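*Asks:* Contents of query_9.csv (CSV, C-alpha atoms and all ligand atoms):
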```csv
chain,number,residue,atom,x,y,z
A,1,MET,CA,-18.5,23.2,11.0
A,2,LYS,CA,-19.6,19.7,10.2
A,3,GLU,CA,-22.5,18.3,12.1
A,4,VAL,CA,-22.8,14.7,13.3
A,5,LEU,CA,-25.6,13.0,15.3
A,6,LEU,CA,-23.8,11.2,18.1
A,7,HIS,CA,-25.8,8.5,19.8
A,8,CYS,CA,-24.7,8.6,23.4
A,9,CYS,CA,-24.9,5.7,25.8
A,10,CYS,CA,-23.5,7.5,28.9
A,11,ALA,CA,-21.4,10.5,29.9
A,12,PRO,CA,-18.1,8.6,30.4
A,13,CYS,CA,-18.2,6.9,27.0
A,14,SER,CA,-19.3,10.1,25.3
A,15,SER,CA,-16.9,12.6,26.8
A,16,ALA,CA,-13.6,12.0,24.9
A,17,ILE,CA,-15.4,11.5,21.6
A,18,ILE,CA,-17.3,14.8,22.1
A,19,GLU,CA,-14.0,16.6,23.0
A,20,TRP,CA,-12.3,15.1,20.0
A,21,MET,CA,-15.1,16.1,17.6
A,22,MET,CA,-15.1,19.7,18.9
A,23,ALA,CA,-11.4,20.0,18.4
A,24,ASN,CA,-11.6,18.6,14.9
A,25,GLY,CA,-14.2,20.8,13.2
A,26,THR,CA,-17.3,18.7,14.1
A,27,ARG,CA,-20.2,19.9,16.2
A,28,PRO,CA,-22.1,16.9,17.7
A,29,THR,CA,-25.8,16.8,18.3
A,30,LEU,CA,-26.2,14.3,21.1
A,31,TYR,CA,-29.0,11.7,21.1
A,32,PHE,CA,-29.9,9.8,24.2
A,33,CYS,CA,-31.7,6.7,23.1
A,34,ASN,CA,-31.2,3.8,25.5
A,35,PRO,CA,-34.4,1.8,26.2
A,36,ASN,CA,-32.1,-1.1,27.3
A,37,ILE,CA,-31.0,0.5,30.5
A,38,TYR,CA,-32.5,-1.0,33.6
A,39,PRO,CA,-33.8,-0.1,36.2
A,40,GLU,CA,-35.3,3.4,35.8
A,41,GLN,CA,-33.0,4.9,38.4
A,42,GLU,CA,-29.9,3.8,36.5
A,43,TYR,CA,-31.5,5.1,33.2
A,44,LEU,CA,-32.1,8.5,34.8
A,45,ILE,CA,-28.6,8.8,36.4
A,46,ARG,CA,-26.8,8.0,33.1
A,47,LYS,CA,-29.0,10.5,31.3
A,48,GLN,CA,-28.5,13.2,33.9
A,49,GLU,CA,-24.8,12.8,33.8
A,50,LEU,CA,-24.8,13.2,30.0
A,51,LEU,CA,-27.1,16.3,30.3
A,52,ARG,CA,-24.7,17.8,32.8
A,53,TYR,CA,-21.7,17.4,30.5
A,54,ALA,CA,-23.6,18.7,27.4
A,55,SER,CA,-24.7,21.7,29.4
A,56,GLN,CA,-21.1,22.6,30.2
A,57,LEU,CA,-20.3,22.5,26.5
A,58,SER,CA,-23.6,24.2,25.4
A,59,LEU,CA,-24.4,21.2,23.2
A,60,ARG,CA,-27.8,20.2,22.1
A,61,VAL,CA,-29.2,16.9,23.4
A,62,ILE,CA,-32.2,15.1,21.8
A,63,ASP,CA,-33.8,12.9,24.5
A,64,ASP,CA,-36.2,10.2,23.6
A,65,GLU,CA,-38.3,11.3,26.6
A,66,SER,CA,-39.1,14.5,24.7
A,67,MET,CA,-40.6,12.6,21.8
A,68,PRO,CA,-44.4,12.7,21.3
A,69,SER,CA,-44.5,8.9,21.4
A,70,TRP,CA,-43.0,8.9,25.0
A,71,THR,CA,-45.4,7.7,27.7
A,72,SER,CA,-43.3,6.3,30.5
A,73,TRP,CA,-39.9,4.6,31.2
A,74,SER,CA,-41.8,1.4,31.9
A,75,ALA,CA,-43.4,1.3,28.5
A,76,TYR,CA,-40.1,2.4,26.8
A,77,HIS,CA,-38.1,-0.4,28.5
A,78,ALA,CA,-41.0,-2.9,28.0
A,79,SER,CA,-40.8,-2.5,24.2
A,80,TRP,CA,-37.1,-3.2,24.3
A,81,LEU,CA,-37.6,-6.3,26.5
A,82,SER,CA,-40.2,-7.5,24.1
A,83,ALA,CA,-37.8,-7.1,21.1
A,84,VAL,CA,-35.1,-9.3,22.8
A,85,ARG,CA,-37.5,-11.9,24.2
A,86,GLY,CA,-36.0,-15.4,24.0
A,87,MET,CA,-32.4,-14.0,24.2
A,88,GLU,CA,-32.3,-13.3,27.9
A,89,ASP,CA,-29.6,-15.9,28.6
A,90,GLU,CA,-27.3,-15.0,25.7
A,91,SER,CA,-23.9,-13.8,26.8
A,92,GLU,CA,-22.6,-10.3,26.2
A,93,ARG,CA,-21.3,-9.8,22.6
A,94,GLY,CA,-23.9,-12.4,21.5
A,95,PRO,CA,-27.1,-12.0,19.4
A,96,ARG,CA,-29.0,-10.1,22.0
A,97,CYS,CA,-26.3,-7.3,21.9
A,98,LEU,CA,-26.4,-7.2,18.1
A,99,LEU,CA,-30.1,-6.7,18.2
A,100,CYS,CA,-29.8,-4.1,21.0
A,101,PHE,CA,-27.3,-2.1,18.9
A,102,LYS,CA,-29.6,-2.4,15.9
A,103,LEU,CA,-32.6,-1.1,17.8
A,104,ARG,CA,-30.8,1.9,19.2
A,105,LEU,CA,-28.9,2.7,15.9
A,106,LEU,CA,-32.1,2.4,13.8
A,107,SER,CA,-33.6,5.1,16.1
A,108,ALA,CA,-30.4,7.2,15.6
A,109,ALA,CA,-30.5,6.8,11.8
A,110,ARG,CA,-34.2,7.9,11.8
A,111,MET,CA,-33.4,10.9,14.1
A,112,ALA,CA,-30.4,11.9,11.9
A,113,GLN,CA,-32.7,11.8,8.8
A,114,ARG,CA,-35.4,13.8,10.7
A,115,GLU,CA,-32.9,16.4,11.7
A,116,GLY,CA,-31.2,16.6,8.3
A,117,ILE,CA,-27.9,15.5,9.7
A,118,LYS,CA,-26.0,13.4,7.2
A,119,VAL,CA,-23.7,11.4,9.4
A,120,PHE,CA,-24.4,9.5,12.7
A,121,THR,CA,-22.2,7.5,14.9
A,122,THR,CA,-22.3,6.0,18.4
A,123,THR,CA,-20.3,6.1,21.7
A,124,LEU,CA,-21.0,2.4,22.0
A,125,ALA,CA,-17.9,2.0,19.9
A,126,SER,CA,-15.7,3.4,22.7
A,127,SER,CA,-16.0,0.5,25.0
A,128,ARG,CA,-13.7,-2.5,24.8
A,129,TRP,CA,-16.4,-4.5,26.4
A,130,LYS,CA,-18.5,-4.3,23.2
A,131,SER,CA,-17.9,-5.9,19.8
A,132,ILE,CA,-16.8,-3.2,17.3
A,133,VAL,CA,-17.8,-5.6,14.5
A,134,GLN,CA,-21.3,-5.9,15.8
A,135,ILE,CA,-21.6,-2.1,16.2
A,136,ALA,CA,-20.4,-1.5,12.6
A,137,GLU,CA,-22.9,-4.1,11.3
A,138,ALA,CA,-25.7,-2.6,13.3
A,139,GLY,CA,-24.9,1.0,12.2
A,140,GLU,CA,-24.6,0.1,8.6
A,141,TRP,CA,-27.8,-1.9,8.7
A,142,ALA,CA,-29.6,1.0,10.3
A,143,ALA,CA,-28.4,3.5,7.7
A,144,GLN,CA,-29.8,1.1,5.0
A,145,GLN,CA,-33.1,0.8,6.7
A,146,VAL,CA,-33.9,4.5,6.4
A,147,GLY,CA,-33.3,4.3,2.7
A,148,GLY,CA,-30.1,6.3,2.2
A,149,GLY,CA,-29.4,10.0,2.9
A,150,VAL,CA,-27.6,9.2,6.1
A,151,MET,CA,-24.3,7.5,6.6
A,152,PHE,CA,-23.0,5.6,9.6
A,153,ASP,CA,-19.5,6.5,10.7
A,154,ALA,CA,-18.1,3.1,11.9
A,155,ARG,CA,-15.0,4.6,13.4
A,156,ASN,CA,-13.3,2.8,16.2
A,157,TRP,CA,-13.5,5.4,19.0
A,158,ARG,CA,-11.1,3.5,21.2
A,159,LYS,CA,-8.1,4.5,19.1
A,160,GLY,CA,-6.0,7.6,19.0
A,161,GLY,CA,-5.6,7.9,22.8
A,162,LEU,CA,-9.4,8.3,23.3
A,163,GLN,CA,-9.6,5.4,25.7
A,164,GLN,CA,-7.0,7.0,28.0
A,165,ARG,CA,-8.7,10.4,27.6
A,166,ARG,CA,-12.0,8.9,28.5
A,167,ASN,CA,-10.6,7.7,31.8
A,168,GLU,CA,-9.0,11.1,32.5
A,169,LEU,CA,-12.3,13.0,31.8
A,170,LEU,CA,-14.2,10.5,33.9
A,171,LYS,CA,-12.0,11.5,36.9
A,172,GLU,CA,-11.9,15.2,36.0
A,173,ASN,CA,-15.7,15.5,35.8
A,174,GLY,CA,-16.5,13.1,38.6
A,175,PHE,CA,-18.8,11.2,36.3
A,176,TYR,CA,-21.0,8.4,37.6
A,177,ASN,CA,-19.4,5.3,36.2
A,178,GLN,CA,-21.9,2.5,35.6
A,179,LEU,CA,-21.8,-0.9,37.2
A,180,TYR,CA,-22.7,-2.9,34.1
A,181,CYS,CA,-23.5,-2.6,30.4
A,182,GLY,CA,-27.1,-1.6,30.8
A,183,CYS,CA,-29.9,-4.3,30.8
A,184,GLU,CA,-31.0,-6.5,33.6
A,185,PHE,CA,-29.3,-9.5,31.9
A,186,SER,CA,-26.0,-7.8,31.8
A,187,LEU,CA,-26.4,-6.8,35.5
A,188,ARG,CA,-27.1,-10.5,36.4
A,189,GLN,CA,-24.2,-11.7,34.3
A,190,THR,CA,-21.8,-9.2,35.9
A,191,GLU,CA,-22.8,-10.4,39.3
A,192,GLN,CA,-22.4,-14.0,38.3
A,193,ARG,CA,-18.9,-13.3,37.0
A,194,MET,CA,-18.0,-11.7,40.2
A,195,THR,CA,-19.4,-14.6,42.2
A,196,GLN,CA,-17.3,-17.0,40.1
A,197,ARG,CA,-14.3,-14.8,40.6
A,198,ASP,CA,-14.8,-14.8,44.3
A,199,ALA,CA,-15.1,-18.6,44.3
A,200,THR,CA,-11.5,-18.8,43.1
A,201,GLN,CA,-10.2,-16.5,45.8
A,202,VAL,CA,-9.9,-16.9,49.5
A,203,VAL,CA,-12.7,-14.6,50.6
A,204,ALA,CA,-14.8,-17.0,52.6
A,205,THR,CA,-14.8,-14.8,55.6
A,206,ASP,CA,-15.1,-11.5,53.7
A,207,THR,CA,-18.5,-10.4,54.9
A,208,GLU,CA,-18.6,-7.4,52.5
A,209,HIS,CA,-19.5,-9.8,49.7
A,210,THR,CA,-22.5,-11.2,51.6
A,211,THR,CA,-24.8,-8.3,51.0
A,212,THR,CA,-26.5,-7.4,47.8
A,213,GLU,CA,-24.8,-4.0,47.9
A,214,GLY,CA,-21.4,-5.6,48.4
A,215,THR,CA,-22.0,-7.9,45.5
A,216,LYS,CA,-22.9,-4.9,43.3
A,217,LEU,CA,-19.8,-3.0,44.3
A,218,ALA,CA,-17.6,-6.0,43.6
A,219,ALA,CA,-19.3,-6.5,40.3
A,220,THR,CA,-18.5,-3.0,39.4
A,221,GLU,CA,-14.8,-3.6,39.8
A,222,CYS,CA,-15.2,-6.8,37.7
A,223,TYR,CA,-16.9,-4.8,34.9
A,224,ARG,CA,-14.5,-1.9,35.0
A,225,GLU,CA,-11.5,-4.2,34.8
A,226,SER,CA,-12.9,-5.6,31.6
A,227,LYS,CA,-13.5,-2.2,30.0
A,301,LIG,S1,-25.5,-6.5,27.5
A,301,LIG,FE1,-25.5,-4.3,26.8
A,301,LIG,S2,-25.5,-4.3,24.6
A,301,LIG,FE2,-26.0,-6.4,25.3
A,301,LIG,S3,-28.3,-6.4,25.3
A,301,LIG,FE3,-27.7,-5.8,27.4
A,301,LIG,S4,-27.6,-3.6,27.3
A,301,LIG,FE4,-27.6,-4.2,25.2
```
Can you dump the structure from the file as structure tokens?
Ligand code: SF4

*Replies:*
Amino acid sequence: MKEVLLHCCCAPCSSAIIEWMMANGTRPTLYFCNPNIYPEQEYLIRKQELLRYASQLSLRVIDDESMPSWTSWSAYHASWLSAVRGMEDESERGPRCLLCFKLRLLSAARMAQREGIKVFTTTLASSRWKSIVQIAEAGEWAAQQVGGGVMFDARNWRKGGLQQRRNELLKENGFYNQLYCGCEFSLRQTEQRMTQRDATQVVATDTEHTTTEGTKLAATECYRESK
């Protein structure tokens, strides 16, 4: 059976790809490397959901937290923040996202090389919210950085019915479905989009939008509609 290192951003985006791989002669080794996710509680929830799904399928997961270099989530996220400094106000699909993909896929390329796995790919390519062109650019760049020996599979994981299957598996497994892409800037932009959307609707007396929690819930719907 062919082995692939699958960089995983979350359980919902990973599920249909994993299912497809296992049905098509490929055994994925999952790699959770997402220093972009903020805050820590969100990071832990997304990871736990992936671990739960992997456990059901007896799949191996490599977690950045198990690496000797790991000290804390704060330090992990701080190094990501430092890398994207100056890009805080960029919109999604802009240069901050390209750099974010490069950082994560460079780690994935290094991990594939370390593990002797010749091909790596990413579940980031399953979301319509992200630029497939940026993901391919980042993955191919990452493979070059490690000096050959590993290849990035730039497949569009939204095709072949996988988008629909993702949504089915999300419901079947009761996965936690994230509210926003991952970083604090995407959370803020999602909330702003929702605020703008609300401004065009007659919801002036709708008090559920007046609390922080209400805004987050509404922002969730806004993001999910876009996915
Ligand atoms: S919006 Fe998403 S892809 Fe872009 S920088 Fe933030 S976490 Fe990374």

*Asks:* Need the shell around Tyr53 (chain A): protein/DNA/RNA residues with any atom at most 7 Å away, counting all atoms listed in the file. Skip same-chain ones fewer than 4 positions apart. Format as a list in words?

*Replies:* Ala11, Glu49 and Leu57 of chain A

*Asks:* Residues at most 7 Å from ligand LIG 301 (chain A), using all atoms listed in the file? Could they come as a ChimeraX atom specification?

*Replies:* /A:36-37,92-93,96-97,100-101,181-183,185-186

*Asks:* Quick one: write out the picked residues with C-alpha atoms as a PDB file, keeping the file's coordinate frame?

*Replies:*
```pdb
ATOM      1  CA  ASN A  36     -32.100  -1.100  27.300  1.00  0.00           C
ATOM      2  CA  ILE A  37     -31.000   0.500  30.500  1.00  0.00           C
ATOM      3  CA  GLU A  92     -22.600 -10.300  26.200  1.00  0.00           C
ATOM      4  CA  ARG A  93     -21.300  -9.800  22.600  1.00  0.00           C
ATOM      5  CA  ARG A  96     -29.000 -10.100  22.000  1.00  0.00           C
ATOM      6  CA  CYS A  97     -26.300  -7.300  21.900  1.00  0.00           C
ATOM      7  CA  CYS A 100     -29.800  -4.100  21.000  1.00  0.00           C
ATOM      8  CA  PHE A 101     -27.300  -2.100  18.900  1.00  0.00           C
ATOM      9  CA  CYS A 181     -23.500  -2.600  30.400  1.00  0.00           C
ATOM     10  CA  GLY A 182     -27.100  -1.600  30.800  1.00  0.00           C
ATOM     11  CA  CYS A 183     -29.900  -4.300  30.800  1.00  0.00           C
ATOM     12  CA  PHE A 185     -29.300  -9.500  31.900  1.00  0.00           C
ATOM     13  CA  SER A 186     -26.000  -7.800  31.800  1.00  0.00           C
TER      14      SER A 186
END
```

*Asks:* Point out the residue among A:Trp73, A:Ser55, A:Asn156, A:Gly147 with the least atom-to-atom distance to Ile135 (chain A), counting all atoms listed in the file.

*Replies:*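 For Ile135 (chain A), the nearest of the given residues is A:Asn156.
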
*Asks:* Contacts of Leu59 (chain A) at 9 Å or less, counting all atoms listed in the file, minus same-chain residues fewer than 6 places along, as a list in words?

*Replies:*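 After dropping sequence-adjacent residues, the list is Arg27, Pro28, Thr29, Leu30 and Tyr53 of chain A.
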
*Asks:* Produce a file of the selected residues containing C-alpha atoms, as a PDB file, keeping the file's coordinate frame.

*Replies:*
```
ATOM      1  CA  ARG A  27     -20.200  19.900  16.200  1.00  0.00           C
ATOM      2  CA  PRO A  28     -22.100  16.900  17.700  1.00  0.00           C
ATOM      3  CA  THR A  29     -25.800  16.800  18.300  1.00  0.00           C
ATOM      4  CA  LEU A  30     -26.200  14.300  21.100  1.00  0.00           C
ATOM      5  CA  TYR A  53     -21.700  17.400  30.500  1.00  0.00           C
TER       6      TYR A  53
END
```

*Asks:* Just the number, please: distance in Å from CA of Glu90 (chain A) to CA of Gln134 (chain A), one decimal.

*Replies:* 14.7 Å

*Asks:* From the list A:Gly174, A:Pro95, A:Pro35, A:Gly160, which residue is nearest Glu65 (chain A) when using all atoms listed in the file?

*Replies:*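 When distances to Glu65 (chain A) are compared using all atoms listed in the file, the smallest one comes from A:Pro35.
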
*Asks:* By how many Å are CA of Thr121 (chain A) and CA of His7 (chain A) apart?

*Replies:*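 Taking CA of Thr121 (chain A) and CA of His7 (chain A), their separation equals 6.2 Å.
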
*Asks:* Nearest to Lys118 (chain A) among A:Val84, A:Cys13, A:Val150, A:Leu44, with distances taken over only C-alpha atoms: which residue is it?

*Replies:*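 Using only C-alpha atoms, the shortest distance to Lys118 (chain A) belongs to A:Val150.
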
*Asks:* State, in Å with one decimal place, the distance from CA of Arg158 (chain A) to CA of Trp129 (chain A).

*Replies:*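 Answer for the CA of Arg158 (chain A) to CA of Trp129 (chain A) separation: 10.9 Å.
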